[in-house]
file my_file07.cif (mmCIF, C-alpha atoms)
data_query
loop_
_atom_site.label_atom_id
_atom_site.label_comp_id
_atom_site.auth_asym_id
_atom_site.auth_seq_id
_atom_site.Cartn_x
_atom_site.Cartn_y
_atom_site.Cartn_z
CA MET S 1 0.00 0.00 0.00
CA ALA S 2 1.14 3.56 -0.66
CA ILE S 3 1.64 5.65 2.46
CA SER S 4 2.70 9.27 2.39
CA VAL S 5 3.29 11.32 5.54
CA SER S 6 4.40 14.93 5.62
CA VAL S 7 4.86 17.34 8.52
CA GLN S 8 5.50 20.79 7.11
CA SER S 9 5.10 24.50 7.73
CA GLU S 10 3.95 25.21 4.16
CA ASP S 11 0.31 25.06 3.12
CA PHE S 12 -0.91 22.14 1.02
CA ASP S 13 -3.08 21.86 -2.11
CA VAL S 14 -6.08 19.58 -1.53
CA GLY S 15 -6.42 18.99 -5.29
CA VAL S 16 -2.85 17.75 -5.55
CA GLU S 17 -3.30 15.47 -2.54
CA VAL S 18 -6.56 13.98 -3.82
CA ARG S 19 -5.09 13.40 -7.30
CA ALA S 20 -2.14 11.61 -5.73
CA LEU S 21 -4.63 9.21 -4.10
CA SER S 22 -6.45 8.56 -7.38
CA ILE S 23 -4.38 5.59 -8.49
CA ALA S 24 -5.27 2.65 -10.75
CA GLY S 25 -7.95 0.35 -9.38
CA VAL S 26 -9.26 2.90 -6.91
CA GLY S 27 -13.01 3.49 -6.93
CA ALA S 28 -13.23 5.76 -3.91
CA VAL S 29 -11.22 8.61 -2.46
CA ALA S 30 -12.29 10.01 0.94
CA SER S 31 -10.56 13.00 2.48
CA PHE S 32 -10.72 15.30 5.47
CA VAL S 33 -9.32 18.80 5.87
CA GLY S 34 -8.94 20.41 9.31
CA ARG S 35 -8.80 24.21 9.46
CA VAL S 36 -8.14 26.86 12.09
CA ARG S 37 -11.62 28.06 13.09
CA GLU S 38 -12.55 31.65 12.38
CA SER S 39 -13.93 31.62 15.89
CA GLN S 40 -16.34 33.89 17.67
CA SER S 41 -13.97 33.91 20.64
CA GLY S 42 -11.51 36.17 18.86
CA LEU S 43 -8.65 33.80 18.09
CA PHE S 44 -5.70 35.65 16.54
CA ALA S 45 -3.51 32.70 15.65
CA MET S 46 -2.55 29.18 16.56
CA THR S 47 0.95 27.72 16.85
CA LEU S 48 1.52 24.00 16.39
CA GLU S 49 4.51 22.39 18.05
CA HIS S 50 5.55 18.81 17.33
CA TYR S 51 8.12 16.21 18.27
CA PRO S 52 10.25 15.87 15.13
CA GLY S 53 10.88 12.24 14.28
CA MET S 54 8.29 10.75 16.60
CA THR S 55 5.50 12.63 14.84
CA GLU S 56 6.30 11.20 11.40
CA ARG S 57 6.73 7.77 12.93
CA ALA S 58 3.40 7.94 14.77
CA LEU S 59 1.55 9.08 11.65
CA HIS S 60 3.11 6.29 9.60
CA GLU S 61 2.10 3.72 12.23
CA ILE S 62 -1.48 5.01 12.19
CA ALA S 63 -1.59 4.63 8.39
CA VAL S 64 -0.21 1.07 8.65
CA GLU S 65 -2.84 0.29 11.30
CA ALA S 66 -5.58 1.60 8.96
CA GLU S 67 -4.28 -0.66 6.21
CA SER S 68 -4.42 -3.68 8.50
CA ARG S 69 -8.10 -3.00 9.20
CA TRP S 70 -9.49 -2.12 5.77
CA PRO S 71 -8.60 -3.15 2.20
CA ILE S 72 -7.40 0.29 1.16
CA ALA S 73 -4.97 1.34 -1.56
CA ALA S 74 -3.34 4.52 -0.27
CA VAL S 75 -3.19 6.88 2.70
CA ARG S 76 -1.86 10.44 2.62
CA ILE S 77 -1.41 12.56 5.75
CA VAL S 78 -0.18 16.16 5.69
CA HIS S 79 0.02 18.07 8.97
CA ARG S 80 1.24 21.61 9.27
CA VAL S 81 3.32 23.02 12.12
CA GLY S 82 4.25 26.56 13.11
CA ARG S 83 2.03 29.64 13.37
CA LEU S 84 -1.30 29.47 11.54
CA LEU S 85 -4.02 32.09 11.14
CA PRO S 86 -7.81 31.62 11.32
CA GLY S 87 -9.06 30.03 8.10
CA GLU S 88 -5.76 28.34 7.31
CA GLN S 89 -5.58 24.61 6.66
CA ILE S 90 -4.01 22.50 9.43
CA VAL S 91 -4.32 18.88 8.38
CA PHE S 92 -5.18 16.71 5.38
CA VAL S 93 -6.04 13.03 5.66
CA GLY S 94 -6.96 11.15 2.52
CA VAL S 95 -7.65 7.47 1.92
CA SER S 96 -8.38 5.66 -1.34
CA GLY S 97 -9.65 2.17 -1.88
CA PRO S 98 -11.95 0.04 -3.98
CA HIS S 99 -15.21 1.25 -2.37
CA ARG S 100 -16.46 4.20 -0.34
CA GLY S 101 -17.26 2.29 2.86
CA GLU S 102 -13.69 1.43 3.74
CA ALA S 103 -12.35 4.75 2.46
CA PHE S 104 -14.71 6.75 4.72
CA ALA S 105 -14.09 4.51 7.73
CA ALA S 106 -10.30 4.47 7.36
CA CYS S 107 -10.18 8.24 6.89
CA GLU S 108 -12.15 8.80 10.09
CA PHE S 109 -10.04 6.24 11.93
CA VAL S 110 -6.79 7.95 10.89
CA MET S 111 -8.11 11.35 12.06
CA ASP S 112 -9.34 9.98 15.41
CA TYR S 113 -6.03 8.23 16.08
CA LEU S 114 -4.00 11.21 14.91
CA LYS S 115 -5.76 13.46 17.41
CA THR S 116 -4.90 11.23 20.37
CA ARG S 117 -1.57 9.63 19.36
CA ALA S 118 0.48 11.93 17.18
CA PRO S 119 2.69 14.30 19.20
CA PHE S 120 1.38 17.72 18.18
CA TRP S 121 0.42 20.50 20.59
CA LYS S 122 -1.63 23.61 19.87
CA LYS S 123 -1.10 26.99 21.45
CA GLU S 124 -3.76 29.61 20.85
CA GLU S 125 -3.34 33.38 20.88
CA ASP S 126 -6.29 35.63 21.66
CA ALA S 127 -6.92 38.97 23.37
CA ASN S 128 -6.00 37.40 26.73
CA GLY S 129 -2.60 36.22 25.52
CA ALA S 130 -1.28 32.82 24.55
CA HIS S 131 -2.38 29.55 26.12
CA TRP S 132 -1.89 25.85 25.43
CA VAL S 133 -5.00 23.98 24.31
CA ASP S 134 -6.20 21.26 26.69
CA ALA S 135 -6.75 17.77 25.37
CA ARG S 136 -10.45 16.99 24.99
CA GLU S 137 -12.10 13.94 26.44
CA THR S 138 -14.32 13.71 23.35
CA ASP S 139 -11.19 13.03 21.29
CA ASP S 140 -10.32 10.08 23.54
CA THR S 141 -13.89 8.82 23.23
CA ALA S 142 -13.72 9.12 19.45
CA ALA S 143 -10.48 7.12 19.31
CA ALA S 144 -11.70 4.53 21.82
CA ARG S 145 -14.58 3.39 19.59
CA TRP S 146 -12.03 1.90 17.17
CA GLN S 147 -10.44 -0.25 19.83
CA ARG S 148 -10.79 -3.98 19.38
CA MET D 1 24.35 5.70 32.60
CA LYS D 2 23.14 8.73 30.69
CA VAL D 3 19.84 9.31 28.92
CA GLN D 4 18.79 12.28 26.82
CA VAL D 5 15.60 13.82 28.25
CA LEU D 6 13.28 16.00 26.17
CA PHE D 7 10.29 18.14 27.18
CA PHE D 8 7.57 19.51 24.92
CA ALA D 9 4.85 22.15 24.76
CA SER D 10 3.47 23.48 28.07
CA LEU D 11 5.87 21.28 30.03
CA ARG D 12 8.89 22.66 28.15
CA GLU D 13 7.71 26.20 28.80
CA ALA D 14 7.04 25.62 32.50
CA LEU D 15 10.45 24.02 33.06
CA GLY D 16 12.22 26.64 30.96
CA THR D 17 14.21 24.00 29.09
CA ALA D 18 13.73 21.72 26.07
CA GLY D 19 15.79 18.97 27.66
CA GLU D 20 18.96 17.78 29.33
CA THR D 21 21.29 14.86 29.72
CA LEU D 22 20.28 12.95 32.84
CA GLU D 23 22.43 10.54 34.83
CA VAL D 24 20.39 7.56 36.05
CA GLY D 25 21.27 4.29 37.75
CA GLU D 26 21.52 0.97 35.95
CA GLY D 27 18.14 -0.72 35.67
CA CYS D 28 16.32 2.61 35.92
CA ASP D 29 12.86 2.59 34.37
CA VAL D 30 10.68 5.46 33.13
CA ALA D 31 8.89 5.76 36.47
CA ALA D 32 12.20 6.12 38.35
CA ALA D 33 13.55 8.74 35.93
CA ARG D 34 10.26 10.63 36.19
CA ALA D 35 10.44 10.53 40.03
CA LEU D 36 14.03 11.76 39.94
CA LEU D 37 13.00 14.83 37.92
CA ALA D 38 9.78 15.48 39.87
CA ALA D 39 11.81 15.51 43.11
CA ARG D 40 13.34 18.83 42.06
CA ARG D 41 10.14 20.47 43.32
CA GLY D 42 8.58 23.63 41.90
CA GLU D 43 7.42 23.28 38.30
CA TRP D 44 9.25 19.95 38.07
CA GLN D 45 6.45 18.43 40.16
CA ARG D 46 4.34 18.59 36.99
CA LEU D 47 6.19 15.44 35.97
CA ALA D 48 4.50 13.54 38.79
CA SER D 49 1.14 13.84 37.01
CA PRO D 50 -0.01 10.73 35.12
CA ARG D 51 -1.31 13.12 32.44
CA ILE D 52 2.29 13.70 31.41
CA ARG D 53 3.05 10.93 28.91
CA ALA D 54 6.45 9.35 28.31
CA ALA D 55 8.08 8.12 25.10
CA VAL D 56 11.38 6.28 24.76
CA ASN D 57 13.22 6.48 21.45
CA GLN D 58 10.14 8.10 19.93
CA ALA D 59 7.58 5.46 20.89
CA LEU D 60 5.02 5.72 23.70
CA VAL D 61 5.96 3.42 26.57
CA ALA D 62 4.61 2.20 29.92
CA GLU D 63 6.11 3.44 33.17
CA ALA D 64 7.87 0.12 33.76
CA HIS D 65 9.82 0.42 30.49
CA GLY D 66 13.51 -0.07 31.29
CA LEU D 67 16.00 2.56 30.12
CA ALA D 68 19.33 1.92 28.41
CA GLU D 69 22.43 4.07 27.96
CA GLY D 70 21.85 6.74 25.33
CA ASP D 71 18.04 6.39 25.24
CA GLU D 72 15.95 9.39 24.23
CA LEU D 73 13.30 9.87 26.94
CA ALA D 74 10.59 12.42 26.19
CA PHE D 75 7.90 13.78 28.51
CA PHE D 76 4.91 15.71 27.19
CA PRO D 77 1.32 16.73 27.95
CA PRO D 78 -1.67 15.10 26.20
CA VAL D 79 -1.47 15.72 22.46
CA THR D 80 -3.78 18.24 20.76
CA GLY D 81 -3.06 18.03 17.03
CA GLY D 82 -5.42 17.62 14.10
#
call {"tool": "encode", "arguments": {"input": "my_file07.cif", "output": "structure tokens"}}
result
Amino acid sequence: MAISVSVQSEDFDVGVEVRALSIAGVGAVASFVGRVRESQSGLFAMTLEHYPGMTERALHEIAVEAESRWPIAAVRIVHRVGRLLPGEQIVFVGVSGPHRGEAFAACEFVMDYLKTRAPFWKKEEDANGAHWVDARETDDTAAARWQR
Amino acid sequence: MKVQVLFFASLREALGTAGETLEVGEGCDVAAARALLAARRGEWQRLASPRIRAAVNQALVAEAHGLAEGDELAFFPPVTGG
């Protein structure tokens, strides 16, 4: 299976990513894009820190785990780091496979696992200053439903 | 033996350092290294919290994971990517 993982400060092009997943024999491409919310709470910016090396490794392991669960053809994960402004893209997860069912499921699985296992940390800046984002229990719950 | 310790995100900021070389005894596990650092009091007591996760050589590990000379031992708060 084709796995591509990238942790980068530059923005990404969703069209390019989706085309890269559209390989021979693939009938379905499912993708997810996470963005910095243009929030009502007055967020100025968000800075993403990561653990270089471990992050790429964790993302690759998540993709391999997805492949072991569903008959999919390719997984692409792009995650940005550094300072991002409201409306900017943060993360791309795309999965392609023979049919939509497994592509949708694997895409959601990769996102849920990424949020609880990949070493990224968000720091938000608003009118009150900068503060680290707390991990959310709902993210753990979302990841837990895939446990078997 | 020596291990390379790393701290990330809010923990790194609170401690005022991204890491250090730590001298630990033979047979030291993650829990013992964590206790050694937490014993410095002040902000270092953050390390005593089970919310602070540990990774050795870039893989999440249990507290009983044994350390070896030259290991990279990272401590960090719950992840918030995506």
call {"tool": "resolve_selection", "arguments": {"input": "my_file07.cif", "expression": "the PyMOL selection byres ((chain S) within 6 of (chain D))", "output": "mmCIF file with C-alpha atoms, keeping the file's coordinate frame"}}
result
data_model
loop_
_atom_site.group_PDB
_atom_site.id
_atom_site.type_symbol
_atom_site.label_atom_id
_atom_site.label_comp_id
_atom_site.auth_asym_id
_atom_site.auth_seq_id
_atom_site.Cartn_x
_atom_site.Cartn_y
_atom_site.Cartn_z
ATOM 1 C CA MET S 54 8.290 10.750 16.600
ATOM 2 C CA VAL S 91 -4.320 18.880 8.380
ATOM 3 C CA LYS S 115 -5.760 13.460 17.410
ATOM 4 C CA PRO S 119 2.690 14.300 19.200
ATOM 5 C CA PHE S 120 1.380 17.720 18.180
ATOM 6 C CA TRP S 121 0.420 20.500 20.590
ATOM 7 C CA LYS S 122 -1.630 23.610 19.870
ATOM 8 C CA ALA S 135 -6.750 17.770 25.370
#
call {"tool": "atom_distance", "arguments": {"input": "my_file07.cif", "atom1": "atom CA of S:Ala130", "atom2": "atom CA of S:Val110"}}
result
28.9 Å
call {"tool": "atom_distance", "arguments": {"input": "my_file07.cif", "atom1": "atom CA of S:Val93", "atom2": "atom CA of S:Leu114"}}
result
9.6 Å
call {"tool": "residues_around", "arguments": {"input": "my_file07.cif", "residues": "stretch 39-46 of chain D", "least_positions_apart": "2", "cutoff": "8 Å", "atoms": "only C-alpha atoms", "output": "PyMOL selection string"}}
result
chain D and resi 11+14-15+35-37+48-49+52
call {"tool": "resolve_selection", "arguments": {"input": "my_file07.cif", "expression": "the PyMOL selection byres ((chain S and resi 103) around 9)", "output": "MDAnalysis selection string"}}
result
chainID S and resid 28:31 70:72 94:102 104:108
call {"tool": "build_atoms", "arguments": {"input": "my_file07.cif", "residues": "stretch 102-125 of chain S", "atoms": "N, CA and C atoms", "output": "PDB file, keeping the file's coordinate frame"}}
result
ATOM      1  N   GLU S 102     -14.985   1.540   3.050  1.00  0.00           N
ATOM      2  CA  GLU S 102     -13.690   1.430   3.740  1.00  0.00           C
ATOM      3  C   GLU S 102     -12.898   2.737   3.679  1.00  0.00           C
ATOM      4  N   ALA S 103     -13.084   3.488   2.572  1.00  0.00           N
ATOM      5  CA  ALA S 103     -12.350   4.750   2.460  1.00  0.00           C
ATOM      6  C   ALA S 103     -12.830   5.744   3.522  1.00  0.00           C
ATOM      7  N   PHE S 104     -14.158   5.862   3.682  1.00  0.00           N
ATOM      8  CA  PHE S 104     -14.710   6.750   4.720  1.00  0.00           C
ATOM      9  C   PHE S 104     -14.251   6.311   6.108  1.00  0.00           C
ATOM     10  N   ALA S 105     -14.411   5.016   6.392  1.00  0.00           N
ATOM     11  CA  ALA S 105     -14.090   4.510   7.730  1.00  0.00           C
ATOM     12  C   ALA S 105     -12.608   4.706   8.051  1.00  0.00           C
ATOM     13  N   ALA S 106     -11.741   4.361   7.102  1.00  0.00           N
ATOM     14  CA  ALA S 106     -10.300   4.470   7.360  1.00  0.00           C
ATOM     15  C   ALA S 106      -9.883   5.921   7.531  1.00  0.00           C
ATOM     16  N   CYS S 107     -10.508   6.818   6.779  1.00  0.00           N
ATOM     17  CA  CYS S 107     -10.180   8.240   6.890  1.00  0.00           C
ATOM     18  C   CYS S 107     -10.533   8.753   8.284  1.00  0.00           C
ATOM     19  N   GLU S 108     -11.708   8.367   8.762  1.00  0.00           N
ATOM     20  CA  GLU S 108     -12.150   8.800  10.090  1.00  0.00           C
ATOM     21  C   GLU S 108     -11.272   8.194  11.175  1.00  0.00           C
ATOM     22  N   PHE S 109     -10.920   6.938  10.989  1.00  0.00           N
ATOM     23  CA  PHE S 109     -10.040   6.240  11.930  1.00  0.00           C
ATOM     24  C   PHE S 109      -8.689   6.961  12.034  1.00  0.00           C
ATOM     25  N   VAL S 110      -8.107   7.286  10.889  1.00  0.00           N
ATOM     26  CA  VAL S 110      -6.790   7.950  10.890  1.00  0.00           C
ATOM     27  C   VAL S 110      -6.893   9.294  11.632  1.00  0.00           C
ATOM     28  N   MET S 111      -7.955  10.055  11.375  1.00  0.00           N
ATOM     29  CA  MET S 111      -8.110  11.350  12.060  1.00  0.00           C
ATOM     30  C   MET S 111      -8.256  11.161  13.566  1.00  0.00           C
ATOM     31  N   ASP S 112      -9.103  10.208  13.972  1.00  0.00           N
ATOM     32  CA  ASP S 112      -9.340   9.980  15.410  1.00  0.00           C
ATOM     33  C   ASP S 112      -8.049   9.549  16.110  1.00  0.00           C
ATOM     34  N   TYR S 113      -7.278   8.688  15.463  1.00  0.00           N
ATOM     35  CA  TYR S 113      -6.030   8.230  16.080  1.00  0.00           C
ATOM     36  C   TYR S 113      -4.993   9.340  16.085  1.00  0.00           C
ATOM     37  N   LEU S 114      -4.950  10.101  15.004  1.00  0.00           N
ATOM     38  CA  LEU S 114      -4.000  11.210  14.910  1.00  0.00           C
ATOM     39  C   LEU S 114      -4.199  12.183  16.077  1.00  0.00           C
ATOM     40  N   LYS S 115      -5.466  12.470  16.380  1.00  0.00           N
ATOM     41  CA  LYS S 115      -5.760  13.460  17.410  1.00  0.00           C
ATOM     42  C   LYS S 115      -5.361  13.018  18.815  1.00  0.00           C
ATOM     43  N   THR S 116      -5.236  11.709  19.030  1.00  0.00           N
ATOM     44  CA  THR S 116      -4.900  11.230  20.370  1.00  0.00           C
ATOM     45  C   THR S 116      -3.511  10.606  20.459  1.00  0.00           C
ATOM     46  N   ARG S 117      -2.858  10.356  19.308  1.00  0.00           N
ATOM     47  CA  ARG S 117      -1.570   9.630  19.360  1.00  0.00           C
ATOM     48  C   ARG S 117      -0.393  10.350  18.727  1.00  0.00           C
ATOM     49  N   ALA S 118      -0.657  11.277  17.829  1.00  0.00           N
ATOM     50  CA  ALA S 118       0.480  11.930  17.180  1.00  0.00           C
ATOM     51  C   ALA S 118       0.909  13.130  18.020  1.00  0.00           C
ATOM     52  N   PRO S 119       2.217  13.239  18.306  1.00  0.00           N
ATOM     53  CA  PRO S 119       2.690  14.300  19.200  1.00  0.00           C
ATOM     54  C   PRO S 119       2.728  15.696  18.567  1.00  0.00           C
ATOM     55  N   PHE S 120       1.541  16.319  18.571  1.00  0.00           N
ATOM     56  CA  PHE S 120       1.380  17.720  18.180  1.00  0.00           C
ATOM     57  C   PHE S 120       0.732  18.430  19.356  1.00  0.00           C
ATOM     58  N   TRP S 121       1.068  19.688  19.536  1.00  0.00           N
ATOM     59  CA  TRP S 121       0.420  20.500  20.590  1.00  0.00           C
ATOM     60  C   TRP S 121       0.078  21.862  20.042  1.00  0.00           C
ATOM     61  N   LYS S 122      -1.159  22.312  20.354  1.00  0.00           N
ATOM     62  CA  LYS S 122      -1.630  23.610  19.870  1.00  0.00           C
ATOM     63  C   LYS S 122      -1.559  24.664  20.957  1.00  0.00           C
ATOM     64  N   LYS S 123      -1.082  25.835  20.559  1.00  0.00           N
ATOM     65  CA  LYS S 123      -1.100  26.990  21.450  1.00  0.00           C
ATOM     66  C   LYS S 123      -1.899  28.074  20.760  1.00  0.00           C
ATOM     67  N   GLU S 124      -2.907  28.592  21.452  1.00  0.00           N
ATOM     68  CA  GLU S 124      -3.760  29.610  20.850  1.00  0.00           C
ATOM     69  C   GLU S 124      -3.400  30.999  21.358  1.00  0.00           C
ATOM     70  N   GLU S 125      -3.540  31.979  20.484  1.00  0.00           N
ATOM     71  CA  GLU S 125      -3.340  33.380  20.880  1.00  0.00           C
ATOM     72  C   GLU S 125      -4.663  34.113  20.708  1.00  0.00           C
TER      73      GLU S 125
END
